[in-house]
Amino acid sequence: GVLVDPFHHERMGHEPERLADIPQQWISYAQLCDMPVRGTIDDVDEYLIDALDGRLAPGEGALPLHDYLAYLPSGLPLSLEVRSRHYRETYPNPVERARVILSQTLSLLNGGQGQ
């Protein structure tokens, strides 16, 4: 199956509409996060730093996540990958960090832009 990760999709320069090219039955699940700015990153080291420490909770950044979600099969399992220096430093307690990220994600999934 295919894992859809809007973070990597965006960093490779693809628009959400490209997800329509993937047969729906191939999509196993999606991993959500957000990012401060859209666009590609060509430098491998910068890309890795961004992927490992630059993510935001869904709805906090610049990604058109509602557009990505519209191209995913209904009822698809979702996971979160919000590996973020900002969140580790702002919420050192992992339970508090998870609560904040969950709240932000639920806000987005319930039709908002997040908090």
# chains A, B, ... in the order shown; residues from 1 in each chain; ligands from 1
>>> residues_around(residues="Gly75 (chain A)", least_positions_apart="2", cutoff="12 Å", atoms="only C-alpha atoms", output="PyMOL selection string")
chain A and resi 24+27-30+69-73+77-78
>>> write_last_selection(atoms="C-alpha atoms", output="compact mmCIF listing (two decimals), in the first residue's frame")
# COMPACT_ATOMS: atom_id res chain seq x y z
CA GLN A 24 -7.73 4.62 -3.98
CA ILE A 27 -3.76 4.04 -0.17
CA SER A 28 -3.30 2.28 3.20
CA TYR A 29 -3.27 5.27 5.53
CA ALA A 30 -2.20 8.89 5.80
CA LEU A 69 -8.00 15.11 3.01
CA ALA A 70 -10.51 15.55 0.19
CA TYR A 71 -8.41 13.27 -2.04
CA LEU A 72 -8.15 10.46 0.51
CA PRO A 73 -10.56 7.53 0.70
CA PRO A 77 -6.83 5.49 9.03
CA LEU A 78 -4.87 8.61 9.97
>>> residues_around(residues="Gln25 (chain A)", least_positions_apart="4", cutoff="12 Å", atoms="only C-alpha atoms", output="JSON, numbers by chain")
{"A": [1, 2, 3, 20, 21, 29, 72, 73, 74, 76]}
>>> write_last_selection(atoms="N, CA, C and O atoms", output="compact mmCIF listing (two decimals), in the first residue's frame")
# COMPACT_ATOMS: atom_id res chain seq x y z
N GLY A 1 0.81 -1.19 0.00
CA GLY A 1 0.00 0.00 0.00
C GLY A 1 0.85 1.25 0.00
O GLY A 1 2.07 1.19 0.13
N VAL A 2 0.20 2.35 -0.12
CA VAL A 2 0.85 3.65 -0.16
C VAL A 2 0.47 4.43 1.10
O VAL A 2 -0.69 4.50 1.48
N LEU A 3 1.48 5.00 1.74
CA LEU A 3 1.30 5.92 2.85
C LEU A 3 1.34 7.33 2.28
O LEU A 3 2.31 7.71 1.63
N ALA A 20 -4.95 12.18 -6.74
CA ALA A 20 -5.96 11.55 -7.59
C ALA A 20 -5.33 10.54 -8.55
O ALA A 20 -6.02 9.67 -9.07
N ASP A 21 -4.02 10.64 -8.77
CA ASP A 21 -3.31 9.70 -9.65
C ASP A 21 -3.07 8.34 -8.99
O ASP A 21 -2.70 7.39 -9.67
N TYR A 29 -2.97 4.30 4.49
CA TYR A 29 -3.27 5.27 5.53
C TYR A 29 -2.55 6.57 5.22
O TYR A 29 -1.75 6.64 4.29
N LEU A 72 -8.38 11.75 -0.15
CA LEU A 72 -8.15 10.46 0.51
C LEU A 72 -9.45 9.67 0.59
O LEU A 72 -10.53 10.25 0.70
N PRO A 73 -9.35 8.34 0.57
CA PRO A 73 -10.56 7.53 0.70
C PRO A 73 -11.27 7.79 2.03
O PRO A 73 -10.63 8.02 3.05
N SER A 74 -12.58 7.74 2.01
CA SER A 74 -13.37 7.93 3.22
C SER A 74 -13.04 6.85 4.24
O SER A 74 -12.89 5.67 3.89
N LEU A 76 -10.33 6.41 5.89
CA LEU A 76 -8.93 6.01 5.88
C LEU A 76 -8.30 6.23 7.26
O LEU A 76 -8.51 7.28 7.87
>>> select_by_dssp(residues="region 31-87 of chain A", states="helix (DSSP H, G or I)", output="compact mmCIF listing (two decimals) with N, CA, C and O atoms, in the first residue's frame")
# COMPACT_ATOMS: atom_id res chain seq x y z
N VAL A 44 19.73 18.27 0.89
CA VAL A 44 19.37 17.05 1.64
C VAL A 44 19.45 17.25 3.14
O VAL A 44 18.55 16.85 3.88
N ASP A 45 20.48 17.90 3.63
CA ASP A 45 20.62 18.12 5.07
C ASP A 45 19.50 19.01 5.60
O ASP A 45 18.93 18.74 6.65
N GLU A 46 19.19 20.07 4.87
CA GLU A 46 18.11 20.96 5.27
C GLU A 46 16.76 20.22 5.25
O GLU A 46 15.92 20.40 6.14
N TYR A 47 16.57 19.37 4.25
CA TYR A 47 15.35 18.57 4.14
C TYR A 47 15.20 17.67 5.37
O TYR A 47 14.12 17.58 5.96
N LEU A 48 16.26 16.98 5.75
CA LEU A 48 16.21 16.09 6.92
C LEU A 48 15.93 16.84 8.21
O LEU A 48 15.13 16.40 9.04
N ILE A 49 16.56 17.98 8.38
CA ILE A 49 16.30 18.79 9.58
C ILE A 49 14.84 19.22 9.61
O ILE A 49 14.17 19.15 10.64
N ASP A 50 14.34 19.64 8.48
CA ASP A 50 12.94 20.06 8.37
C ASP A 50 12.00 18.89 8.69
O ASP A 50 11.04 19.03 9.45
N ALA A 51 12.30 17.72 8.14
CA ALA A 51 11.45 16.53 8.35
C ALA A 51 11.50 16.07 9.80
O ALA A 51 10.49 15.59 10.33
N LEU A 52 12.63 16.20 10.45
CA LEU A 52 12.78 15.69 11.81
C LEU A 52 12.39 16.70 12.89
O LEU A 52 12.00 16.31 13.98
N ASP A 53 12.51 17.99 12.60
CA ASP A 53 12.27 18.97 13.66
C ASP A 53 11.39 20.15 13.26
O ASP A 53 11.11 21.01 14.08
N LEU A 65 -4.36 21.26 4.11
CA LEU A 65 -4.69 19.91 4.56
C LEU A 65 -6.11 19.51 4.23
O LEU A 65 -6.37 18.32 3.96
N HIS A 66 -7.05 20.44 4.21
CA HIS A 66 -8.42 20.09 3.81
C HIS A 66 -8.42 19.58 2.37
O HIS A 66 -9.16 18.65 2.03
N ASP A 67 -7.59 20.16 1.52
CA ASP A 67 -7.48 19.70 0.13
C ASP A 67 -6.89 18.30 0.08
O ASP A 67 -7.38 17.44 -0.67
N TYR A 68 -5.85 18.05 0.86
CA TYR A 68 -5.27 16.71 0.90
C TYR A 68 -6.31 15.70 1.39
O TYR A 68 -6.47 14.63 0.80
N LEU A 69 -7.00 16.03 2.45
CA LEU A 69 -8.00 15.11 3.01
C LEU A 69 -9.11 14.79 2.01
O LEU A 69 -9.63 13.67 1.98
N ALA A 70 -9.45 15.75 1.17
CA ALA A 70 -10.51 15.55 0.19
C ALA A 70 -10.14 14.49 -0.85
O ALA A 70 -11.03 13.86 -1.44
N ARG A 85 10.90 20.19 17.14
CA ARG A 85 11.69 20.83 18.19
C ARG A 85 10.82 21.82 18.97
O ARG A 85 10.87 21.89 20.19
N HIS A 86 10.00 22.57 18.24
CA HIS A 86 9.09 23.55 18.88
C HIS A 86 8.23 22.87 19.95
O HIS A 86 8.13 23.36 21.08
N TYR A 87 7.60 21.76 19.60
CA TYR A 87 6.72 21.09 20.55
C TYR A 87 7.49 20.45 21.71
O TYR A 87 7.03 20.47 22.84
>>> closest_residue(among="A:Pro58, A:Pro64, A:Pro92, A:Gly13", to="Asn110 (chain A)", atoms="only C-alpha atoms")
A:Pro58
>>> atom_distance(atom1="CA of Arg55 (chain A)", atom2="CA of Cys33 (chain A)")
6.3 Å
>>> atom_distance(atom1="CA of Leu56 (chain A)", atom2="CA of Val95 (chain A)")
16.6 Å
>>> atom_distance(atom1="CA of Glu60 (chain A)", atom2="CA of Leu19 (chain A)")
21.8 Å
>>> select_by_dssp(residues="chain A", states="strand (DSSP E)", output="JSON, numbers by chain")
{"A": [2, 3, 4, 27, 28, 29, 30, 31, 32, 78, 79, 80]}
>>> write_last_selection(atoms="N, CA and C atoms", output="mmCIF file, in the first residue's frame")
data_model
loop_
_atom_site.group_PDB
_atom_site.id
_atom_site.type_symbol
_atom_site.label_atom_id
_atom_site.label_comp_id
_atom_site.auth_asym_id
_atom_site.auth_seq_id
_atom_site.Cartn_x
_atom_site.Cartn_y
_atom_site.Cartn_z
ATOM 1 N N VAL A 2 0.198 2.348 -0.118
ATOM 2 C CA VAL A 2 0.845 3.651 -0.157
ATOM 3 C C VAL A 2 0.475 4.428 1.101
ATOM 4 N N LEU A 3 1.481 4.999 1.736
ATOM 5 C CA LEU A 3 1.296 5.918 2.854
ATOM 6 C C LEU A 3 1.335 7.332 2.284
ATOM 7 N N VAL A 4 0.297 8.104 2.508
ATOM 8 C CA VAL A 4 0.262 9.494 2.055
ATOM 9 C C VAL A 4 0.739 10.381 3.194
ATOM 10 N N ILE A 27 -4.054 3.161 -1.297
ATOM 11 C CA ILE A 27 -3.755 4.042 -0.165
ATOM 12 C C ILE A 27 -4.127 3.336 1.136
ATOM 13 N N SER A 28 -3.109 3.030 1.953
ATOM 14 C CA SER A 28 -3.303 2.282 3.198
ATOM 15 C C SER A 28 -3.668 3.188 4.366
ATOM 16 N N TYR A 29 -2.967 4.298 4.490
ATOM 17 C CA TYR A 29 -3.265 5.274 5.535
ATOM 18 C C TYR A 29 -2.547 6.570 5.218
ATOM 19 N N ALA A 30 -2.840 7.595 5.985
ATOM 20 C CA ALA A 30 -2.200 8.892 5.796
ATOM 21 C C ALA A 30 -1.612 9.363 7.115
ATOM 22 N N GLN A 31 -0.566 10.100 6.988
ATOM 23 C CA GLN A 31 0.148 10.649 8.133
ATOM 24 C C GLN A 31 0.010 12.165 8.046
ATOM 25 N N LEU A 32 -0.528 12.791 9.062
ATOM 26 C CA LEU A 32 -0.771 14.232 9.003
ATOM 27 C C LEU A 32 0.219 15.019 9.847
ATOM 28 N N LEU A 78 -5.793 7.471 9.929
ATOM 29 C CA LEU A 78 -4.873 8.608 9.973
ATOM 30 C C LEU A 78 -3.939 8.457 11.161
ATOM 31 N N SER A 79 -2.705 8.870 10.977
ATOM 32 C CA SER A 79 -1.765 8.954 12.081
ATOM 33 C C SER A 79 -1.176 10.359 12.067
ATOM 34 N N LEU A 80 -0.502 10.702 13.132
ATOM 35 C CA LEU A 80 0.139 12.010 13.218
ATOM 36 C C LEU A 80 1.642 11.816 13.294
#
>>> closest_residue(among="A:Val82, A:Met35, A:Ile22, A:Ala57", to="Thr105 (chain A)", atoms="only C-alpha atoms")
A:Ala57
>>> decode(residues="region 55-70 of chain A", atoms="all heavy atoms", output="short mmCIF file (atom, residue, chain, number, x, y, z; two decimals), in the first residue's frame")
data_model
loop_
_atom_site.label_atom_id
_atom_site.label_comp_id
_atom_site.auth_asym_id
_atom_site.auth_seq_id
_atom_site.Cartn_x
_atom_site.Cartn_y
_atom_site.Cartn_z
N ARG A 55 8.17 20.11 11.85
CA ARG A 55 6.74 19.88 11.64
C ARG A 55 5.89 20.61 12.67
O ARG A 55 6.32 20.85 13.79
CB ARG A 55 6.44 18.38 11.70
CG ARG A 55 7.12 17.61 10.58
CD ARG A 55 6.94 16.12 10.78
NE ARG A 55 7.70 15.35 9.83
CZ ARG A 55 7.18 14.65 8.83
NH1 ARG A 55 5.87 14.62 8.66
NH2 ARG A 55 7.95 13.98 8.01
N LEU A 56 4.67 20.92 12.26
CA LEU A 56 3.67 21.54 13.14
C LEU A 56 2.46 20.61 13.23
O LEU A 56 2.30 19.71 12.40
CB LEU A 56 3.23 22.88 12.58
CG LEU A 56 4.29 23.95 12.39
CD1 LEU A 56 3.72 25.16 11.66
CD2 LEU A 56 4.87 24.35 13.74
N ALA A 57 1.61 20.87 14.19
CA ALA A 57 0.36 20.11 14.28
C ALA A 57 -0.53 20.46 13.09
O ALA A 57 -0.47 21.58 12.57
CB ALA A 57 -0.36 20.43 15.59
N PRO A 58 -1.35 19.51 12.65
CA PRO A 58 -2.25 19.80 11.52
C PRO A 58 -3.12 21.03 11.77
O PRO A 58 -3.72 21.17 12.84
CB PRO A 58 -3.11 18.53 11.44
CG PRO A 58 -2.24 17.45 12.00
CD PRO A 58 -1.47 18.13 13.11
N GLY A 59 -3.13 21.93 10.79
CA GLY A 59 -3.93 23.14 10.89
C GLY A 59 -3.17 24.34 11.41
O GLY A 59 -3.71 25.44 11.43
N GLU A 60 -1.92 24.17 11.80
CA GLU A 60 -1.14 25.29 12.34
C GLU A 60 -0.30 26.02 11.30
O GLU A 60 0.22 27.08 11.59
CB GLU A 60 -0.15 24.78 13.40
CG GLU A 60 -0.73 24.58 14.73
CD GLU A 60 0.33 24.29 15.76
OE1 GLU A 60 1.27 23.54 15.48
OE2 GLU A 60 0.20 24.84 16.86
N GLY A 61 -0.14 25.42 10.15
CA GLY A 61 0.80 25.99 9.19
C GLY A 61 0.19 26.31 7.85
O GLY A 61 -0.98 26.67 7.74
N ALA A 62 0.99 26.12 6.82
CA ALA A 62 0.66 26.58 5.47
C ALA A 62 0.09 25.51 4.55
O ALA A 62 -0.39 25.83 3.46
CB ALA A 62 1.92 27.16 4.83
N LEU A 63 0.12 24.23 4.94
CA LEU A 63 -0.37 23.18 4.05
C LEU A 63 -1.89 23.25 3.88
O LEU A 63 -2.60 23.47 4.86
CB LEU A 63 0.00 21.80 4.59
CG LEU A 63 1.43 21.35 4.39
CD1 LEU A 63 1.64 19.97 5.03
CD2 LEU A 63 1.78 21.29 2.92
N PRO A 64 -2.37 23.01 2.67
CA PRO A 64 -3.82 22.96 2.44
C PRO A 64 -4.35 21.57 2.82
O PRO A 64 -4.73 20.77 1.97
CB PRO A 64 -3.94 23.25 0.94
CG PRO A 64 -2.68 22.69 0.36
CD PRO A 64 -1.62 22.91 1.42
N LEU A 65 -4.36 21.26 4.11
CA LEU A 65 -4.69 19.91 4.56
C LEU A 65 -6.11 19.51 4.23
O LEU A 65 -6.37 18.32 3.96
CB LEU A 65 -4.41 19.77 6.05
CG LEU A 65 -2.92 19.80 6.40
CD1 LEU A 65 -2.72 19.77 7.91
CD2 LEU A 65 -2.17 18.63 5.75
N HIS A 66 -7.05 20.44 4.21
CA HIS A 66 -8.42 20.09 3.81
C HIS A 66 -8.42 19.58 2.37
O HIS A 66 -9.16 18.65 2.03
CB HIS A 66 -9.38 21.27 3.97
CG HIS A 66 -9.69 21.60 5.39
ND1 HIS A 66 -10.44 20.78 6.19
CD2 HIS A 66 -9.34 22.66 6.16
CE1 HIS A 66 -10.55 21.32 7.40
NE2 HIS A 66 -9.89 22.46 7.40
N ASP A 67 -7.59 20.16 1.52
CA ASP A 67 -7.48 19.70 0.13
C ASP A 67 -6.89 18.30 0.08
O ASP A 67 -7.38 17.44 -0.67
CB ASP A 67 -6.62 20.66 -0.70
CG ASP A 67 -7.25 22.03 -0.87
OD1 ASP A 67 -8.47 22.17 -0.62
OD2 ASP A 67 -6.52 22.96 -1.25
N TYR A 68 -5.85 18.05 0.86
CA TYR A 68 -5.27 16.71 0.90
C TYR A 68 -6.31 15.70 1.39
O TYR A 68 -6.47 14.63 0.80
CB TYR A 68 -4.04 16.66 1.82
CG TYR A 68 -2.78 17.12 1.15
CD1 TYR A 68 -2.28 18.39 1.37
CD2 TYR A 68 -2.08 16.27 0.29
CE1 TYR A 68 -1.11 18.82 0.75
CE2 TYR A 68 -0.92 16.70 -0.33
CZ TYR A 68 -0.44 17.96 -0.09
OH TYR A 68 0.71 18.39 -0.71
N LEU A 69 -7.00 16.03 2.45
CA LEU A 69 -8.00 15.11 3.01
C LEU A 69 -9.11 14.79 2.01
O LEU A 69 -9.63 13.67 1.98
CB LEU A 69 -8.58 15.68 4.31
CG LEU A 69 -7.61 15.71 5.50
CD1 LEU A 69 -8.19 16.57 6.62
CD2 LEU A 69 -7.30 14.30 5.98
N ALA A 70 -9.45 15.75 1.17
CA ALA A 70 -10.51 15.55 0.19
C ALA A 70 -10.14 14.49 -0.85
O ALA A 70 -11.03 13.86 -1.44
CB ALA A 70 -10.83 16.87 -0.52
#
